[in-house]
2 protein chains.
Amino acid sequence: MGSPKSLHGVNFAPPRSFGTVLKANLKETLFPDDPFYEFKNEKLSKRILKGIQYFVPICQWLPKYNFGLFKFDLLAGITIASLAIPQGISYAKLAELPPIIGLYSSFVPPLVYAIFGSSKHLAVGTVATCSLIMAESIQQKVKPEDNMQLYVGLFYTATLISGLLQTALGVFRLGFLVDFLSHSTITGFMGGTALVICLQQLKGMLGLKHFTSHTDVVHVLRAVFENRKEVGKLSKGINPPSLNLINFSPEYISVVLKAGIVTAMVSLAEGIAIGRSFSMMDNEQIDGNKEMVAIGLMNIVGSLTSCYLSTGPFSKTAVNHNAGCRSQMSNVVMSLCMLLTLLFLAPLFGYTPLVALAAIIMSAMLGLIDYEKAYHLYKTDKFDFLICMAAFFGVAFISMDMGLMMSVGLALVRALLYVARPPTCKLGTITNTAFRDVEQYPGSKQTPGMLILKLGSPIYFPNSNYVRERILRWVRDEQSLENSKRNEIEYLILDFGGVTSIDITGVETLFETRRSLAAKSIKIILVNPRLGVMEKLIVTRFIDVIGKESVFLTIEEAIESCRFSLNSSSQTKREDVEIA
Amino acid sequence: MGSPKSLHGVNFAPPRSFGTVLKANLKETLFPDDPFYEFKNEKLSKRILKGIQYFVPICQWLPKYNFGLFKFDLLAGITIASLAIPQGISYAKLAELPPIIGLYSSFVPPLVYAIFGSSKHLAVGTVATCSLIMAESIQQKVKPEDNMQLYVGLFYTATLISGLLQTALGVFRLGFLVDFLSHSTITGFMGGTALVICLQQLKGMLGLKHFTSHTDVVHVLRAVFENRKEVGKLSKGINPPSLNLINFSPEYISVVLKAGIVTAMVSLAEGIAIGRSFSMMDNEQIDGNKEMVAIGLMNIVGSLTSCYLSTGPFSKTAVNHNAGCRSQMSNVVMSLCMLLTLLFLAPLFGYTPLVALAAIIMSAMLGLIDYEKAYHLYKTDKFDFLICMAAFFGVAFISMDMGLMMSVGLALVRALLYVARPPTCKLGTITNTAFRDVEQYPGSKQTPGMLILKLGSPIYFPNSNYVRERILRWVRDEQSLENSKRNEIEYLILDFGGVTSIDITGVETLFETRRSLAAKSIKIILVNPRLGVMEKLIVTRFIDVIGKESVFLTIEEAIESCRFSLNSSSQTKREDVEIA
């Protein structure tokens, strides 16, 4: 075996100060994308300018804006406005709100988003899922037919809570919490919601059939026109202020809190995922936390101007993108179209029949049931499929929040299992300097007298007992092999390259493992502990206990050193053994 | 740079079947210590015998038991019995139970443990913390002075629930859940509990002072004797059955459930940690799940025979060990001593004065406040210290379960942060074949045109966005260096050795990252994907997209191959650059 000379010995540098480590960790936790990197090495005036441009993106793009770009945005804006009117009315009906509120919600929030939002493609509007979640939650306390004003007020309150939460998450850079809603959860959740909505619409359609048992066009049309009066009257005028309707009374606080929190997370997950995917097509990057602030602000302002929860719906954003939008200006155009509609045309839309609305909703919903994605999950990852199905069936058969909780719960169990049961593997020699998992590379060779294990995760309280038991089991398995393959271990070489951090419980586990192995006359050798881990091992004196001479930078150096000091008596009997 | 020839190419074997993977994962999750390894390759009759011995450890040690061992156990048993009587009475007083129940609780459970328990040193008895938790919870509904029979009945019910939960956790091999109570949490929790108990006793003592303002011995003793009637009467006779007192009525179910669940976890954490530490001294291993079943069974039987929650208290176990116990027989001896006490001596102990009991409790409690451990935590790991302090102050100033929840919550946040923010690092060359973190080994060299990153965790839903942003930031940082150090990357080499698993969200992230990099004309190279990860990458066709030729077994092979195809024009301009 060769003798590679290192440029360095093991780095036993004294641990960094607590402040340094804390700062590094906070930065990595809260600012992983280093949002202020453009400001570095700039003059103060430039920094302030860039800071304003960073926090209020309109200051960045509007000065460079020109008529050439506006032509595209005008077209895109008119297109999404034509979509926003029927969608707004439909989703408001879904939430059993007066339809005009759906139109209001496409007027104010897009303006706010145009100022603070950083995605060029996101088209703002209400979404079916959140409309339904809010309705389901609030109707536990108030039925719209009993007290419409209170019912609407609670929607605004939930929207305000949602907006405040979204803004806070963004400001405190806790956007990663949204990542805990995995793609599988969202796929199942959307599918389940769509199914529920479709069935509701079907019920509505069946209800209409009562009026006519004939299914031909004439009869259906007549039934539709006879039922025209079922459709709410739409009055002219723009959004009235709604601060007076905000209602934090203790009787309703639990349902609005629940509605606000759940819809905040769901709408963020949808809005950010969609903004991100479209900007990825154009190879731009979106700061998720900044987007949260923008979405949160538009909901705060919205809740005070008679709008309920809005985000960036997929269908509208896709249309916006395909219509060739160039900037956030398309949202402004849509907003102005809505203004004209509200001022002059609203009464006309009052005559949109229920069946047409149901058709609009159903066609939008059917697109949300993503069979192919579910099948893909089934083929590639059974556990992800389970998470998806938990959301789908939970939403379809129990309730929206239960379905969401079941699915997120399952996903967290999986995450905690990754944490509690980190993989370890036995390494064998492939080349003189490469050591790989013997299970994956069955031809790799083992060195007699030694056992090389690779640990692949932090060692800390949820897994430290497991890590100890697993190490001892590897040792036992090795020693209990049949005669010829039996490996009398003298050195346990632990490849610590994959141990990314360690806590006090983990260090105590190492001490215990060392004691157990010492009783069997097995010595522990550490290879390549990483920076943070090495610091912890030095400060807890583990390194002093095993000795600095037991820590190596590479596995081959460790093997070479151990081979030299193996009992010479037993060494003569041994040869490299190939694993069957 | 050398050209090491691998014995193998990359293993692109077709994925293992779902069943195989599931079986392997379940085994690793639930049977990490492979408890049945002794049965393998045995005949059926032998297997049955070993099976019985495994599940009922007394069948294993009793046949080999002899008088020589019994002499030690007799001495140890009598010693712990002499401790059990005052402790039993004191802790029962702490829980405001009739003191005789404390004595009952040291009679039946030790017998059950002797049959099913596998630790030789664990001495069974009641503990102060759980006594107090149960009392705190149950007194929310029932005060002992109002209805003592109901109060006692709820203690038995909570004990039954606790026992059932403990048994179930053990049977379903979910013992690792107890590991989520980290050492830091337990240190703080014990300290906080001890402080609360001491203050309560002090209050009791100050209350006594009311009767005498003199602090001399004569007056105190007189006060004590005057207050003798405060001490409950102890009647002769062994444990009466208590099935009739078990009370699952809906009015009380919430408090007994809470008391049962919290004490189940706390007592398991204490009992198992203690059994484990003592057996470790003698270099034996304890199966935590089997211990849970034993502790659970003794509490189930106990709850039906007028005993409340017992586990293995530290003080008693330490005394048992120091007195030289050799087997579970010492618990049997203690139990028999308690039998004699209950039959003949109980009335005498009725005269133990309150002050003496308070002194016993306080001396036991002061030992539980582990300043040194707390200081050690402060010196070595600030976050662990915070977790410890949360438990200490939470218990001391809010309530026991809030303190526990705050501390476990903080610990979980930390665990989830490990999950959500996995470390990545840039690798540089140390020897031809060894690549290490450039931050830790600042002298390591980088290869121009390439960026080598090591990812160190599963890539899955909670961290996939972070992983993508972090990778793109590494690339950006590399390209934005000053002129001379600027590294025009053509290849991004990802060392996947530390990526222990990946889910669908993670794979989608890889696809996205690949797209973003492709737009910058950077090619992704994978090195050493592990077994499970490779299977997932094959089945999702990621390997097909990047091409099998972009996957290497070692970093040096990847570098060699990439170096060959680097743009020759730019290559002439470049040299290895040393990182400042």
# chains A, B, ... in the order shown; residues from 1 in each chain; ligands from 1
$ closest_atom_pairs --of "chain A" --to "chain B" --cutoff "6 Å" --atoms "only C-alpha atoms" --output "Markdown table"
| residue | atom | partner | partner_atom | distance |
| --- | --- | --- | --- | --- |
| A:Ser6 | CA | B:Thr431 | CA | 5.5 |
| A:Leu7 | CA | B:Ile430 | CA | 5.7 |
| A:Asp33 | CA | B:Glu469 | CA | 5.7 |
| A:Asp179 | CA | B:Pro462 | CA | 5.1 |
| A:Phe180 | CA | B:Pro462 | CA | 5.0 |
| A:Ser182 | CA | B:Phe461 | CA | 5.1 |
| A:His183 | CA | B:Thr505 | CA | 5.9 |
| A:Asn283 | CA | B:Ser516 | CA | 6.0 |
| A:Ile430 | CA | B:Leu7 | CA | 5.8 |
| A:Thr431 | CA | B:Ser6 | CA | 5.5 |
| A:Gln440 | CA | B:Leu531 | CA | 5.8 |
| A:Phe461 | CA | B:Ser182 | CA | 5.2 |
| A:Pro462 | CA | B:Phe180 | CA | 5.0 |
| A:Glu469 | CA | B:Asp33 | CA | 5.7 |
| A:Gly498 | CA | B:Gly498 | CA | 5.4 |
| A:Thr505 | CA | B:His183 | CA | 5.9 |
| A:Ser516 | CA | B:Asn283 | CA | 5.9 |
| A:Leu531 | CA | B:Gln440 | CA | 5.8 |
$ residues_around --residues "region 249-266 of chain B" --least-positions-apart "3" --cutoff "6 Å" --atoms "only C-alpha atoms" --output "PyMOL selection string"
chain B and resi 130+134+137-138+158+161-162+269
$ atom_distance --atom1 "CA of Val112 (chain A)" --atom2 "CA of Ala318 (chain A)"
20.2 Å
$ closest_residue --among "B:Leu69, B:Ile525, B:Val152, B:Leu340" --to "Ala81 (chain B)" --atoms "only C-alpha atoms"
B:Leu340
$ residues_around --residues "Leu404 (chain B)" --least-positions-apart "6" --cutoff "9 Å" --atoms "only C-alpha atoms" --output "PDB file with C-alpha atoms, in the first residue's frame"
ATOM      1  CA  LEU B 181     -35.485  13.573  25.762  1.00  0.00           C
ATOM      2  CA  THR B 185     -33.276  18.294  28.846  1.00  0.00           C
ATOM      3  CA  ILE B 186     -33.100  15.710  31.618  1.00  0.00           C
ATOM      4  CA  PHE B 189     -35.643  19.014  34.216  1.00  0.00           C
ATOM      5  CA  VAL B 262     -45.647  12.537  30.699  1.00  0.00           C
ATOM      6  CA  ALA B 390     -35.340  26.047  29.306  1.00  0.00           C
ATOM      7  CA  ALA B 391     -36.220  22.885  31.203  1.00  0.00           C
ATOM      8  CA  PHE B 392     -34.848  24.231  34.503  1.00  0.00           C
ATOM      9  CA  GLY B 394     -39.677  26.299  32.745  1.00  0.00           C
ATOM     10  CA  VAL B 395     -40.174  23.726  35.491  1.00  0.00           C
TER      11      VAL B 395
END
$ residues_around --residues "Asn244 (chain B)" --least-positions-apart "4" --cutoff "12 Å" --atoms "only C-alpha atoms" --output "PyMOL selection string"
chain B and resi 149-150+152-154+156-157+240+248+303-306
$ residues_around --residues "Ser267 (chain A)" --least-positions-apart "6" --cutoff "8 Å" --atoms "only C-alpha atoms" --output "number ranges by chain"
A: 130, 310-312
$ write_last_selection --atoms "all heavy atoms" --output "PDB file, in the first residue's frame"
ATOM      1  N   CYS A 130     -57.639  28.102  -1.038  1.00  0.00           N
ATOM      2  CA  CYS A 130     -57.691  28.967   0.139  1.00  0.00           C
ATOM      3  C   CYS A 130     -59.098  29.501   0.371  1.00  0.00           C
ATOM      4  O   CYS A 130     -59.525  29.674   1.521  1.00  0.00           O
ATOM      5  CB  CYS A 130     -56.699  30.110   0.008  1.00  0.00           C
ATOM      6  SG  CYS A 130     -55.015  29.534   0.051  1.00  0.00           S
ATOM      7  N   SER A 310     -55.377  36.616  -1.331  1.00  0.00           N
ATOM      8  CA  SER A 310     -54.922  36.380  -2.694  1.00  0.00           C
ATOM      9  C   SER A 310     -53.456  35.957  -2.691  1.00  0.00           C
ATOM     10  O   SER A 310     -52.717  36.211  -1.760  1.00  0.00           O
ATOM     11  CB  SER A 310     -55.119  37.640  -3.546  1.00  0.00           C
ATOM     12  OG  SER A 310     -54.578  38.748  -2.898  1.00  0.00           O
ATOM     13  N   THR A 311     -53.072  35.303  -3.755  1.00  0.00           N
ATOM     14  CA  THR A 311     -51.685  34.850  -3.921  1.00  0.00           C
ATOM     15  C   THR A 311     -51.428  34.780  -5.421  1.00  0.00           C
ATOM     16  O   THR A 311     -52.089  35.490  -6.175  1.00  0.00           O
ATOM     17  CB  THR A 311     -51.464  33.499  -3.208  1.00  0.00           C
ATOM     18  OG1 THR A 311     -50.121  33.090  -3.396  1.00  0.00           O
ATOM     19  CG2 THR A 311     -52.391  32.419  -3.724  1.00  0.00           C
ATOM     20  N   GLY A 312     -50.480  33.981  -5.861  1.00  0.00           N
ATOM     21  CA  GLY A 312     -50.233  33.862  -7.290  1.00  0.00           C
ATOM     22  C   GLY A 312     -50.752  32.530  -7.797  1.00  0.00           C
ATOM     23  O   GLY A 312     -50.064  31.538  -7.724  1.00  0.00           O
TER      24      GLY A 312
END
$ closest_residue --among "B:Ile58, B:Val124, B:Leu49, B:Val507" --to "Phe314 (chain B)" --atoms "only C-alpha atoms"
B:Val124
$ select_by_dssp --residues "region 81-289 of chain A" --states "alpha helix (DSSP H)" --output "PyMOL selection string"
chain A and resi 81-94+99-104+108-116+128-138+148-171+183-209+217-226+250-281+288-289
$ atom_distance --atom1 "CA of Ile493 (chain B)" --atom2 "CA of Val527 (chain A)"
22.5 Å
$ residues_around --residues "Phe107 (chain A)" --least-positions-apart "5" --cutoff "12 Å" --atoms "only C-alpha atoms" --output "VMD selection string"
chain A and resid 81 84 to 85 88 100 to 102 112 to 114 123 to 126 237 to 240 298 to 299 301 to 302 305 to 308 310 331 to 343
$ closest_residue --among "B:Ala24, B:Leu510, B:Leu368, B:Leu111" --to "Val196 (chain B)" --atoms "only C-alpha atoms"
B:Leu368
